[in-house]
Amino acid sequence: MSFSIQIVAFCKRGELPEAEISRFVKLIKPCAAITCVSLKSPAGSFANKNELMEAEAKIAMARLPAKSCIVALSEEGKSLGSSNSFARWLALRQQQGQPLVFVVGGAYGIAPSLKQAAHEVVSLSALTFSHVLAQLVLLEQIYRAFTILKGHPYHK
């Protein structure tokens, strides 16, 4: 299996619905090597949320694999539209052969510097999701995309 997907997210231990995440990871594994990396937001006092977001961006960028296609998730990012559109988008990324890394920000989102470093900034929805829910929605949509691409009936 040559295609790999990684989801890097700022989440506190115990926040994530581990059983659901594990279920989707198991379902996706026949299609792509997938890992979820939980990062801890830095401790300490920050003058404002922008400083915290920049500190998180430095932590995330240090963990991003080299030669990966970095995709930042942000509500103001490009909409990928329907599940069918997302499946086509994922298929194109798979054809490019680079590891795909999604970055889910912390409580305040993703810093501008990380958005600029990303290859793409995309939105899961016009709705705003918590970082925990965004990760779960993303996993479900990745699985749904692979079922669409394989003609499996799950997506109906």
# chains A, B, ... in the order shown; residues from 1 in each chain; ligands from 1
$ residues_around --residues "Leu127 of chain A" --least-positions-apart "6" --cutoff "12 Å" --atoms "only C-alpha atoms" --output "list of chain:residue names"
A:Ser74, A:Glu75, A:Glu76, A:Gly77, A:Ser79, A:Leu133, A:Ala134, A:Val137
$ write_last_selection --atoms "C-alpha atoms" --output "PDB file, in the first residue's frame"
ATOM      1  CA  SER A  74     -10.199  25.741   8.205  1.00  0.00           C
ATOM      2  CA  GLU A  75     -13.750  27.014   7.979  1.00  0.00           C
ATOM      3  CA  GLU A  76     -12.626  29.692   5.512  1.00  0.00           C
ATOM      4  CA  GLY A  77     -10.838  27.158   3.295  1.00  0.00           C
ATOM      5  CA  SER A  79     -15.091  23.868   0.048  1.00  0.00           C
ATOM      6  CA  LEU A 133     -15.624  16.649  15.853  1.00  0.00           C
ATOM      7  CA  ALA A 134     -13.681  17.852  12.792  1.00  0.00           C
ATOM      8  CA  VAL A 137     -16.007  13.975  10.427  1.00  0.00           C
TER       9      VAL A 137
END
$ residues_around --residues "segment 29-43 of chain A" --least-positions-apart "5" --cutoff "10 Å" --atoms "only C-alpha atoms" --output "ChimeraX atom specification"
/A:1-13,16,21-22,24,52-53,55-57,59-60,63,94,99-107,135,139,142-143,146-147,150
$ write_last_selection --atoms "C-alpha atoms" --output "mmCIF file, in the first residue's frame"
data_model
loop_
_atom_site.group_PDB
_atom_site.id
_atom_site.type_symbol
_atom_site.label_atom_id
_atom_site.label_comp_id
_atom_site.auth_asym_id
_atom_site.auth_seq_id
_atom_site.Cartn_x
_atom_site.Cartn_y
_atom_site.Cartn_z
ATOM 1 C CA MET A 1 0.000 0.000 0.000
ATOM 2 C CA SER A 2 1.690 3.172 -1.144
ATOM 3 C CA PHE A 3 -0.802 5.872 -0.195
ATOM 4 C CA SER A 4 -0.616 7.200 3.325
ATOM 5 C CA ILE A 5 -2.787 9.633 5.204
ATOM 6 C CA GLN A 6 -2.009 11.276 8.507
ATOM 7 C CA ILE A 7 -4.273 13.463 10.607
ATOM 8 C CA VAL A 8 -2.452 15.805 12.961
ATOM 9 C CA ALA A 9 -4.730 17.426 15.528
ATOM 10 C CA PHE A 10 -4.455 19.372 18.763
ATOM 11 C CA CYS A 11 -6.556 17.373 21.208
ATOM 12 C CA LYS A 12 -6.395 16.646 24.899
ATOM 13 C CA ARG A 13 -6.237 13.026 25.964
ATOM 14 C CA LEU A 16 -11.367 12.068 21.496
ATOM 15 C CA ILE A 21 -11.684 6.886 15.653
ATOM 16 C CA SER A 22 -10.299 3.353 15.923
ATOM 17 C CA PHE A 24 -12.752 4.367 11.075
ATOM 18 C CA LEU A 52 -1.023 30.496 20.982
ATOM 19 C CA MET A 53 -1.979 29.626 17.404
ATOM 20 C CA ALA A 55 3.054 28.319 18.993
ATOM 21 C CA GLU A 56 0.798 25.437 17.927
ATOM 22 C CA ALA A 57 1.822 26.001 14.301
ATOM 23 C CA ILE A 59 4.731 22.332 17.036
ATOM 24 C CA ALA A 60 2.666 21.004 14.123
ATOM 25 C CA ARG A 63 5.837 16.974 13.151
ATOM 26 C CA GLN A 94 -3.638 9.499 -4.210
ATOM 27 C CA PRO A 99 1.731 11.258 1.723
ATOM 28 C CA LEU A 100 -1.333 13.334 2.585
ATOM 29 C CA VAL A 101 -1.351 15.144 5.930
ATOM 30 C CA PHE A 102 -4.418 16.898 7.275
ATOM 31 C CA VAL A 103 -3.874 19.428 10.058
ATOM 32 C CA VAL A 104 -6.683 20.175 12.500
ATOM 33 C CA GLY A 105 -6.030 23.225 14.652
ATOM 34 C CA GLY A 106 -6.668 23.753 18.314
ATOM 35 C CA ALA A 107 -9.442 25.698 19.988
ATOM 36 C CA GLN A 135 -11.284 14.927 13.143
ATOM 37 C CA LEU A 139 -12.187 10.230 9.132
ATOM 38 C CA ILE A 142 -12.165 9.668 4.051
ATOM 39 C CA TYR A 143 -13.764 6.261 4.541
ATOM 40 C CA PHE A 146 -12.840 5.266 -0.535
ATOM 41 C CA THR A 147 -16.180 3.429 -0.638
ATOM 42 C CA LYS A 150 -14.478 1.395 -5.012
#
$ atom_distance --atom1 "atom CA of Val122 of chain A" --atom2 "atom CA of Ile110 of chain A"
11.7 Å
$ closest_residue --among "A:Ala47, A:Met61, A:Ala126, A:Val71" --to "Trp89 of chain A" --atoms "only C-alpha atoms"
A:Val71
$ select_by_dssp --residues "chain A" --states "helix (DSSP H, G or I)" --output "PyMOL selection string"
chain A and resi 18-28+49-63+83-96+112-117+131-150+153-155
$ write_last_selection --atoms "C-alpha atoms" --output "tab-separated table (two decimals), in the first residue's frame"
chain	number	residue	atom	x	y	z
A	18	GLU	CA	-11.31	6.72	20.70
A	19	ALA	CA	-13.67	3.86	19.83
A	20	GLU	CA	-15.09	5.70	16.80
A	21	ILE	CA	-11.68	6.89	15.65
A	22	SER	CA	-10.30	3.35	15.92
A	23	ARG	CA	-13.28	2.00	14.01
A	24	PHE	CA	-12.75	4.37	11.08
A	25	VAL	CA	-8.98	3.84	11.07
A	26	LYS	CA	-9.58	0.09	10.84
A	27	LEU	CA	-12.08	0.58	7.99
A	28	ILE	CA	-9.68	2.85	6.06
A	49	LYS	CA	-4.91	33.73	20.87
A	50	ASN	CA	-2.72	34.56	17.85
A	51	GLU	CA	0.43	33.84	19.87
A	52	LEU	CA	-1.02	30.50	20.98
A	53	MET	CA	-1.98	29.63	17.40
A	54	GLU	CA	1.55	30.45	16.22
A	55	ALA	CA	3.05	28.32	18.99
A	56	GLU	CA	0.80	25.44	17.93
A	57	ALA	CA	1.82	26.00	14.30
A	58	LYS	CA	5.51	25.57	15.21
A	59	ILE	CA	4.73	22.33	17.04
A	60	ALA	CA	2.67	21.00	14.12
A	61	MET	CA	5.20	21.99	11.46
A	62	ALA	CA	7.94	20.16	13.34
A	63	ARG	CA	5.84	16.97	13.15
A	83	SER	CA	-18.86	13.43	-0.63
A	84	ASN	CA	-18.51	12.58	-4.33
A	85	SER	CA	-16.42	15.72	-4.90
A	86	PHE	CA	-14.27	14.88	-1.89
A	87	ALA	CA	-13.77	11.35	-3.29
A	88	ARG	CA	-12.54	12.77	-6.60
A	89	TRP	CA	-10.26	15.21	-4.73
A	90	LEU	CA	-8.84	12.35	-2.63
A	91	ALA	CA	-8.30	10.20	-5.75
A	92	LEU	CA	-6.24	13.00	-7.33
A	93	ARG	CA	-4.09	13.27	-4.19
A	94	GLN	CA	-3.64	9.50	-4.21
A	95	GLN	CA	-2.47	9.60	-7.85
A	96	GLN	CA	0.13	12.23	-6.95
A	112	PRO	CA	-1.90	32.05	9.24
A	113	SER	CA	1.73	30.86	9.01
A	114	LEU	CA	0.61	27.22	8.92
A	115	LYS	CA	-2.09	27.97	6.37
A	116	GLN	CA	0.56	29.61	4.17
A	117	ALA	CA	2.88	26.61	4.58
A	131	HIS	CA	-11.38	20.14	16.60
A	132	VAL	CA	-12.53	16.78	18.01
A	133	LEU	CA	-15.62	16.65	15.85
A	134	ALA	CA	-13.68	17.85	12.79
A	135	GLN	CA	-11.28	14.93	13.14
A	136	LEU	CA	-14.12	12.42	13.37
A	137	VAL	CA	-16.01	13.97	10.43
A	138	LEU	CA	-12.80	13.92	8.38
A	139	LEU	CA	-12.19	10.23	9.13
A	140	GLU	CA	-15.75	9.36	8.19
A	141	GLN	CA	-15.49	11.30	4.94
A	142	ILE	CA	-12.17	9.67	4.05
A	143	TYR	CA	-13.76	6.26	4.54
A	144	ARG	CA	-16.86	7.34	2.59
A	145	ALA	CA	-14.61	8.62	-0.24
A	146	PHE	CA	-12.84	5.27	-0.53
A	147	THR	CA	-16.18	3.43	-0.64
A	148	ILE	CA	-17.33	5.75	-3.43
A	149	LEU	CA	-14.11	5.17	-5.37
A	150	LYS	CA	-14.48	1.39	-5.01
A	153	PRO	CA	-22.65	0.81	-1.25
A	154	TYR	CA	-21.72	2.51	2.07
A	155	HIS	CA	-22.00	6.01	0.62
$ select_by_dssp --residues "chain A" --states "strand (DSSP E)" --output "PyMOL selection string"
chain A and resi 4-10+33-39+69-79+100-104+120-123
$ write_last_selection --atoms "C-alpha atoms" --output "PDB file, in the first residue's frame"
ATOM      1  CA  SER A   4      -0.616   7.200   3.325  1.00  0.00           C
ATOM      2  CA  ILE A   5      -2.787   9.633   5.204  1.00  0.00           C
ATOM      3  CA  GLN A   6      -2.009  11.276   8.507  1.00  0.00           C
ATOM      4  CA  ILE A   7      -4.273  13.463  10.607  1.00  0.00           C
ATOM      5  CA  VAL A   8      -2.452  15.805  12.961  1.00  0.00           C
ATOM      6  CA  ALA A   9      -4.730  17.426  15.528  1.00  0.00           C
ATOM      7  CA  PHE A  10      -4.455  19.372  18.763  1.00  0.00           C
ATOM      8  CA  ALA A  33      -2.044   3.577   5.640  1.00  0.00           C
ATOM      9  CA  ILE A  34      -3.641   6.011   8.085  1.00  0.00           C
ATOM     10  CA  THR A  35      -2.472   7.421  11.382  1.00  0.00           C
ATOM     11  CA  CYS A  36      -3.899   9.974  13.758  1.00  0.00           C
ATOM     12  CA  VAL A  37      -1.445  12.064  15.741  1.00  0.00           C
ATOM     13  CA  SER A  38      -2.691  14.011  18.744  1.00  0.00           C
ATOM     14  CA  LEU A  39      -0.578  16.999  19.676  1.00  0.00           C
ATOM     15  CA  CYS A  69       0.957  17.246   0.755  1.00  0.00           C
ATOM     16  CA  ILE A  70      -0.133  19.359   3.722  1.00  0.00           C
ATOM     17  CA  VAL A  71      -3.835  20.187   3.933  1.00  0.00           C
ATOM     18  CA  ALA A  72      -4.944  22.639   6.608  1.00  0.00           C
ATOM     19  CA  LEU A  73      -8.563  22.388   7.697  1.00  0.00           C
ATOM     20  CA  SER A  74     -10.199  25.741   8.205  1.00  0.00           C
ATOM     21  CA  GLU A  75     -13.750  27.014   7.979  1.00  0.00           C
ATOM     22  CA  GLU A  76     -12.626  29.692   5.512  1.00  0.00           C
ATOM     23  CA  GLY A  77     -10.838  27.158   3.295  1.00  0.00           C
ATOM     24  CA  LYS A  78     -11.925  25.934  -0.124  1.00  0.00           C
ATOM     25  CA  SER A  79     -15.091  23.868   0.048  1.00  0.00           C
ATOM     26  CA  LEU A 100      -1.333  13.334   2.585  1.00  0.00           C
ATOM     27  CA  VAL A 101      -1.351  15.144   5.930  1.00  0.00           C
ATOM     28  CA  PHE A 102      -4.418  16.898   7.275  1.00  0.00           C
ATOM     29  CA  VAL A 103      -3.874  19.428  10.058  1.00  0.00           C
ATOM     30  CA  VAL A 104      -6.683  20.175  12.500  1.00  0.00           C
ATOM     31  CA  GLU A 120      -4.124  23.592   0.396  1.00  0.00           C
ATOM     32  CA  VAL A 121      -6.561  25.029   2.903  1.00  0.00           C
ATOM     33  CA  VAL A 122      -9.895  23.234   2.775  1.00  0.00           C
ATOM     34  CA  SER A 123     -13.175  23.365   4.637  1.00  0.00           C
TER      35      SER A 123
END
